[in-house]
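Peer 1: I'd like to ask some things about the structure below.
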Amino acid sequence: METITIKDIAKALGLSTSTVSRALRNSYEINPETKKLVMEYAERMNYRPNPIALSLRDSKSKSIGVIIPEIANHFFSQLINGIESIAYNLGYHVVIFQSHESYEREVANTNYLVSRKVDGLLISLSSLTTNLFHFQDLMERGLPIVFLDRVPNEIETHKVVVNNFSGSYQATEHLIKSGRKRIAHLTSPIYLSITAERLAGYKQALEDNGIAFDESYVKYCYHGGKVVSENETAVQEMLELPEPPDAIFTASDRLTTGCMAVLQKNKIKIPEQIAIVGFTNISVAELLNPPLTAVVQPAMEMGQQAVDLLIRLIEHPQKTNVFETRSLKTSLIIRESSIGKQEI
């Protein structure tokens, strides 16, 4: 099949080549109707930009670096799908690295991507990242960076998150309305943005429903290579409390599945003895035993919005003097793992 060019698209649609070119670059100078017309026709005709030609013309690599904690996490794999779905159609290649929850690997990955002259970075912080100098230094030197999911408060740039407070509040209140009174929270390191926001939602739901917050029901896990043993120890400590929890709200994919495994190993009946709600995007939630109640994040949309913001920074740096934080809504999907005591 013969390769279609910008000139071919322009001729077919009765537009100038410059208009088509700007529309394909998602330029603000082109109205949304024209942009949609061009993008849909280009997709239908299987048009793909020539990244080498674009790089030579624009002095850009037409590549974006992405650093996430781990691809095996269902949330992050969906995030990548969203990033690639937009980047590819706009002529950008996506280079993906995993930090594996290591600050040192995050820094090494960042340095390598910069050495390969990527045009910008999309970052979700590792659970051990507290020093942000490697990102602050790059931004001061003009490299566009957008953060998503796990974001730093100290850096001013575009960010894409979900409403963690609301999602956590809904999950906790659901457990309370299901008849649970001793609700534990298994979560990430305290200095991560998602941890603080989900913890705040959990606390507020308890307070609004007349249940006193008990610090012994909250456990922080550091996700790294020892996540399984650490998770098991945290849940075991909860089970050995004078008044063990009758529900556990978990804050991530790994913590959720790990918690359920520990409860089953201890022959704890779910939800009869302990109900479970997970802040998780695992695709087999409804196939678990019992099917898992989950707070689900719009991961693919988060990736799409983050890469859209990043490409704006890359292609229109002079127009950016106000940054935005986009907060998307979560969904609570109720299944058997949190069924009410009165229904058992």
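Numbering starts fresh at 1 for the residues of each chain in the structure tokens, the chains themselves are lettered A, B, ... in the order given, and ligands are numbered from 1 as they appear.
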Write out as a list in words each polymer residue whose atoms come within 12 Å of A:Glu207, counting only C-alpha atoms; drop sequence neighbours fewer than 5 positions from it.

Peer 2: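 What passes the distance filter is Tyr169, Thr172, Glu173, Ile176, Lys181, Ala200, Gly201, Tyr202, Ala212, Phe213 and Asp214 of chain A.
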
Peer 1: Restrict the selected residues to N, CA and C atoms and save them as a compact mmCIF listing (two decimals), in the first residue's frame.

Peer 2:
```
# COMPACT_ATOMS: atom_id res chain seq x y z
N TYR A 169 -13.07 8.04 50.56
CA TYR A 169 -14.23 8.34 51.40
C TYR A 169 -15.38 7.39 51.05
N THR A 172 -14.70 3.75 52.29
CA THR A 172 -14.81 3.62 53.74
C THR A 172 -16.27 3.73 54.18
N GLU A 173 -16.98 4.69 53.63
CA GLU A 173 -18.39 4.85 54.00
C GLU A 173 -19.22 3.63 53.58
N ILE A 176 -18.77 1.08 56.23
CA ILE A 176 -19.52 1.47 57.43
C ILE A 176 -21.00 1.15 57.25
N LYS A 181 -17.41 -1.72 61.77
CA LYS A 181 -17.07 -0.68 62.75
C LYS A 181 -15.56 -0.53 62.96
N ALA A 200 -6.68 10.69 54.16
CA ALA A 200 -7.58 11.78 54.56
C ALA A 200 -9.04 11.43 54.30
N GLY A 201 -9.32 10.81 53.15
CA GLY A 201 -10.68 10.40 52.84
C GLY A 201 -11.19 9.33 53.79
N TYR A 202 -10.33 8.40 54.13
CA TYR A 202 -10.65 7.33 55.10
C TYR A 202 -10.98 7.92 56.47
N ALA A 212 -14.32 6.60 65.84
CA ALA A 212 -13.03 7.20 66.21
C ALA A 212 -11.89 6.60 65.39
N PHE A 213 -10.97 7.45 64.94
CA PHE A 213 -9.80 6.99 64.20
C PHE A 213 -8.83 6.30 65.16
N ASP A 214 -8.32 5.13 64.77
CA ASP A 214 -7.39 4.36 65.58
C ASP A 214 -6.14 4.10 64.75
```

Peer 1: Set the distance at 12 Å and use only C-alpha atoms: which residues neighbour A:Arg116 once local chain neighbours fewer than 6 positions away are removed? I'd like the list as a count of residues only.

Peer 2: 9

Peer 1: Running DSSP on the backbone, which parts of stretch 135-207 of chain A land in strand (DSSP E or B), as a list in words?

Peer 2: Ile145, Val146, Phe147, Leu148, Lys159, Val160, Val161, Val162, Ile183, Ala184, His185, Leu186 and Thr187 of chain A

Peer 1: Tell me which protein, DNA and RNA residues are within 12 Å of A:Glu40, counting only C-alpha atoms, leaving out same-chain ones fewer than 5 positions away, and put them as JSON, numbers by chain.

Peer 2: {"A": [9, 13, 20, 23, 24, 32, 33, 34, 35, 45, 46, 47, 89]}

Peer 1: Output N, CA and C atoms of each residue in that selection to a file, as a tab-separated table (two decimals), in the first residue's frame.

Peer 2:
```
chain	number	residue	atom	x	y	z
A	9	ILE	N	-3.31	14.32	2.05
A	9	ILE	CA	-4.41	14.66	2.95
A	9	ILE	C	-4.96	16.04	2.61
A	13	LEU	N	-8.82	16.86	1.29
A	13	LEU	CA	-9.73	17.64	2.13
A	13	LEU	C	-9.88	19.09	1.68
A	20	VAL	N	-2.99	21.29	7.45
A	20	VAL	CA	-2.98	19.86	7.79
A	20	VAL	C	-1.85	19.55	8.76
A	23	ALA	N	-2.70	20.83	12.17
A	23	ALA	CA	-3.78	20.02	12.76
A	23	ALA	C	-3.24	18.71	13.30
A	24	LEU	N	-2.33	18.09	12.55
A	24	LEU	CA	-1.73	16.82	12.99
A	24	LEU	C	-0.85	17.00	14.21
A	32	PRO	N	-11.18	23.27	16.34
A	32	PRO	CA	-11.43	21.86	16.67
A	32	PRO	C	-12.09	21.06	15.54
A	33	GLU	N	-13.00	21.70	14.78
A	33	GLU	CA	-13.70	20.98	13.70
A	33	GLU	C	-12.71	20.54	12.61
A	34	THR	N	-11.84	21.47	12.20
A	34	THR	CA	-10.84	21.14	11.18
A	34	THR	C	-9.87	20.09	11.69
A	35	LYS	N	-9.46	20.25	12.95
A	35	LYS	CA	-8.53	19.30	13.55
A	35	LYS	C	-9.13	17.89	13.55
A	45	MET	N	-6.93	6.66	6.70
A	45	MET	CA	-5.99	6.36	5.62
A	45	MET	C	-4.67	5.79	6.13
A	46	ASN	N	-4.62	5.54	7.44
A	46	ASN	CA	-3.43	4.94	8.06
A	46	ASN	C	-2.18	5.81	7.87
A	47	TYR	N	-2.37	7.14	7.95
A	47	TYR	CA	-1.23	8.07	7.85
A	47	TYR	C	-0.39	7.98	9.12
A	89	ASN	N	-0.42	8.67	17.46
A	89	ASN	CA	-1.15	9.39	16.41
A	89	ASN	C	-0.60	10.80	16.18
```

Peer 1: For A:Lys269, please output as a PyMOL selection string all residues within 10 Å (counting only C-alpha atoms; exclusion window: fewer than 5 positions along the same chain).

Peer 2: chain A and resi 260+263-264+274-275+290+337

Peer 1: Output N, CA and C atoms of each residue in that selection to a file, as an mmCIF file, in the first residue's frame.

Peer 2:
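To be explicit, this is the file written out as result_12.cif:
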```cif
data_model
loop_
_atom_site.group_PDB
_atom_site.id
_atom_site.type_symbol
_atom_site.label_atom_id
_atom_site.label_comp_id
_atom_site.auth_asym_id
_atom_site.auth_seq_id
_atom_site.Cartn_x
_atom_site.Cartn_y
_atom_site.Cartn_z
ATOM 1 N N MET A 260 -5.624 -10.213 50.516
ATOM 2 C CA MET A 260 -6.567 -11.327 50.363
ATOM 3 C C MET A 260 -5.871 -12.674 50.506
ATOM 4 N N LEU A 263 -5.235 -13.300 54.251
ATOM 5 C CA LEU A 263 -6.478 -13.666 54.948
ATOM 6 C C LEU A 263 -6.875 -15.102 54.639
ATOM 7 N N GLN A 264 -6.747 -15.500 53.382
ATOM 8 C CA GLN A 264 -7.098 -16.869 53.003
ATOM 9 C C GLN A 264 -6.133 -17.870 53.623
ATOM 10 N N ILE A 274 -14.004 -10.714 57.750
ATOM 11 C CA ILE A 274 -13.389 -9.436 57.363
ATOM 12 C C ILE A 274 -13.802 -9.085 55.933
ATOM 13 N N ALA A 275 -14.377 -7.915 55.763
ATOM 14 C CA ALA A 275 -14.745 -7.420 54.436
ATOM 15 C C ALA A 275 -13.539 -6.730 53.802
ATOM 16 N N PRO A 290 -13.796 -14.157 47.274
ATOM 17 C CA PRO A 290 -14.980 -13.726 46.539
ATOM 18 C C PRO A 290 -14.649 -12.573 45.583
ATOM 19 N N SER A 337 -17.104 -9.119 48.110
ATOM 20 C CA SER A 337 -16.085 -9.060 49.167
ATOM 21 C C SER A 337 -16.431 -8.080 50.287
#
```

Peer 1: I'd like the contact shell of stretch 150-152 of chain A - 10 Å cut-off, only C-alpha atoms, skipping same-chain residues fewer than 5 positions apart - returned as a compact mmCIF listing (two decimals) with C-alpha atoms, in the first residue's frame.

Peer 2:
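Now in around.txt:
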```
# COMPACT_ATOMS: atom_id res chain seq x y z
CA ILE A 68 6.48 4.35 36.21
CA PRO A 69 6.92 2.07 39.24
CA ILE A 123 6.59 10.57 35.61
CA SER A 124 4.80 8.65 38.35
CA LEU A 125 7.08 8.80 41.40
CA SER A 126 8.54 5.71 43.05
CA SER A 127 7.44 4.96 46.61
CA THR A 129 11.39 9.14 46.14
CA THR A 130 11.68 12.03 48.58
CA LEU A 132 13.20 15.73 43.69
CA THR A 157 4.04 21.83 36.30
CA HIS A 158 1.03 20.06 34.78
CA LYS A 159 -0.26 17.11 36.83
CA VAL A 160 -2.96 14.47 36.26
CA VAL A 161 -4.47 12.72 39.26
CA VAL A 162 -7.72 11.18 40.45
CA TYR A 191 5.04 10.82 51.94
CA LEU A 192 3.38 9.81 48.64
CA SER A 193 0.62 12.17 47.49
CA ILE A 194 -1.83 9.31 46.93
CA THR A 195 -1.23 8.00 50.46
CA THR A 325 -3.79 19.88 37.89
```

Peer 1: For A:Leu148, which residue out of A:Ile248, A:Arg198, A:Leu292, A:Ile83 is the nearest one, using only C-alpha atoms?

Peer 2: A:Ile83

Peer 1: What is the distance between atom CA of A:Cys221 and atom CA of A:Glu243, in Å to one decimal?

Peer 2: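 Straight-line distance from atom CA of A:Cys221 to atom CA of A:Glu243 works out to 21.4 Å.
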
Peer 1: I want to know what sits within 12 Å of A:Ile4, based on only C-alpha atoms, with residues of the same chain fewer than 6 positions away left out; could you give that as a PDB file with C-alpha atoms, in the first residue's frame?

Peer 2:
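Produced file result_21.pdb, reproduced below:
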```pdb
ATOM      1  CA  ALA A  10      -4.456  18.371   2.076  1.00  0.00           C
ATOM      2  CA  LYS A  11      -5.543  17.638  -1.504  1.00  0.00           C
ATOM      3  CA  ALA A  12      -8.278  15.218  -0.414  1.00  0.00           C
ATOM      4  CA  TYR A  41      -9.090  11.191   7.750  1.00  0.00           C
ATOM      5  CA  ALA A  42      -5.441  10.548   8.647  1.00  0.00           C
ATOM      6  CA  GLU A  43      -6.443   7.627  10.889  1.00  0.00           C
ATOM      7  CA  ARG A  44      -8.757   6.198   8.236  1.00  0.00           C
ATOM      8  CA  MET A  45      -5.991   6.362   5.618  1.00  0.00           C
ATOM      9  CA  ASN A  46      -3.425   4.945   8.063  1.00  0.00           C
ATOM     10  CA  TYR A  47      -1.226   8.065   7.854  1.00  0.00           C
ATOM     11  CA  ARG A  48       1.852   7.933  10.082  1.00  0.00           C
ATOM     12  CA  PRO A  49       4.330  10.846  10.451  1.00  0.00           C
ATOM     13  CA  ASN A  50       7.939  10.227   9.526  1.00  0.00           C
TER      14      ASN A  50
END
```

Peer 1: Once DSSP has gone over the backbone, tell me which residues of stretch 217-340 of chain A are in alpha helix (DSSP H), as a PyMOL selection string.

Peer 2: chain A and resi 227-239+253-265+299-315

Peer 1: Could you pull the residues within 10 Å of A:Leu332, counting only C-alpha atoms, minus those fewer than 5 positions along the same chain, as a list in words?

Peer 2: Gly167, Ser168, Gln170, Ala171, His174, Val277, Gly278, Phe279, Thr293, Ala294, Val295, Val296 and Gln297 of chain A

Peer 1: Can you write just those residues out, N, CA and C atoms, as a short mmCIF file (atom, residue, chain, number, x, y, z; two decimals), in the first residue's frame?

Peer 2:
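Saved to selection_0.cif:
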```
data_model
loop_
_atom_site.label_atom_id
_atom_site.label_comp_id
_atom_site.auth_asym_id
_atom_site.auth_seq_id
_atom_site.Cartn_x
_atom_site.Cartn_y
_atom_site.Cartn_z
N GLY A 167 -12.61 8.97 46.41
CA GLY A 167 -12.65 7.52 46.22
C GLY A 167 -12.48 6.78 47.53
N SER A 168 -11.56 7.26 48.36
CA SER A 168 -11.31 6.64 49.67
C SER A 168 -12.50 6.84 50.61
N GLN A 170 -15.66 7.23 49.77
CA GLN A 170 -16.76 6.37 49.33
C GLN A 170 -16.54 4.92 49.76
N ALA A 171 -15.30 4.44 49.61
CA ALA A 171 -14.99 3.06 49.98
C ALA A 171 -15.20 2.82 51.48
N HIS A 174 -18.89 3.05 52.45
CA HIS A 174 -19.58 1.83 52.02
C HIS A 174 -19.41 0.71 53.05
N VAL A 277 -12.26 -3.96 50.62
CA VAL A 277 -12.43 -3.06 49.48
C VAL A 277 -11.04 -2.62 49.05
N GLY A 278 -10.76 -2.71 47.75
CA GLY A 278 -9.44 -2.33 47.25
C GLY A 278 -9.48 -1.11 46.35
N PHE A 279 -8.48 -0.25 46.46
CA PHE A 279 -8.30 0.86 45.52
C PHE A 279 -7.46 0.28 44.40
N THR A 293 -14.80 -5.95 45.73
CA THR A 293 -15.29 -4.57 45.64
C THR A 293 -14.09 -3.66 45.43
N ALA A 294 -14.18 -2.75 44.46
CA ALA A 294 -13.00 -1.96 44.10
C ALA A 294 -13.33 -0.52 43.78
N VAL A 295 -12.40 0.37 44.17
CA VAL A 295 -12.39 1.75 43.70
C VAL A 295 -11.52 1.76 42.45
N VAL A 296 -12.12 2.06 41.30
CA VAL A 296 -11.43 1.97 40.02
C VAL A 296 -11.09 3.36 39.50
N GLN A 297 -9.85 3.51 39.03
CA GLN A 297 -9.39 4.78 38.47
C GLN A 297 -9.49 4.76 36.94
#
```
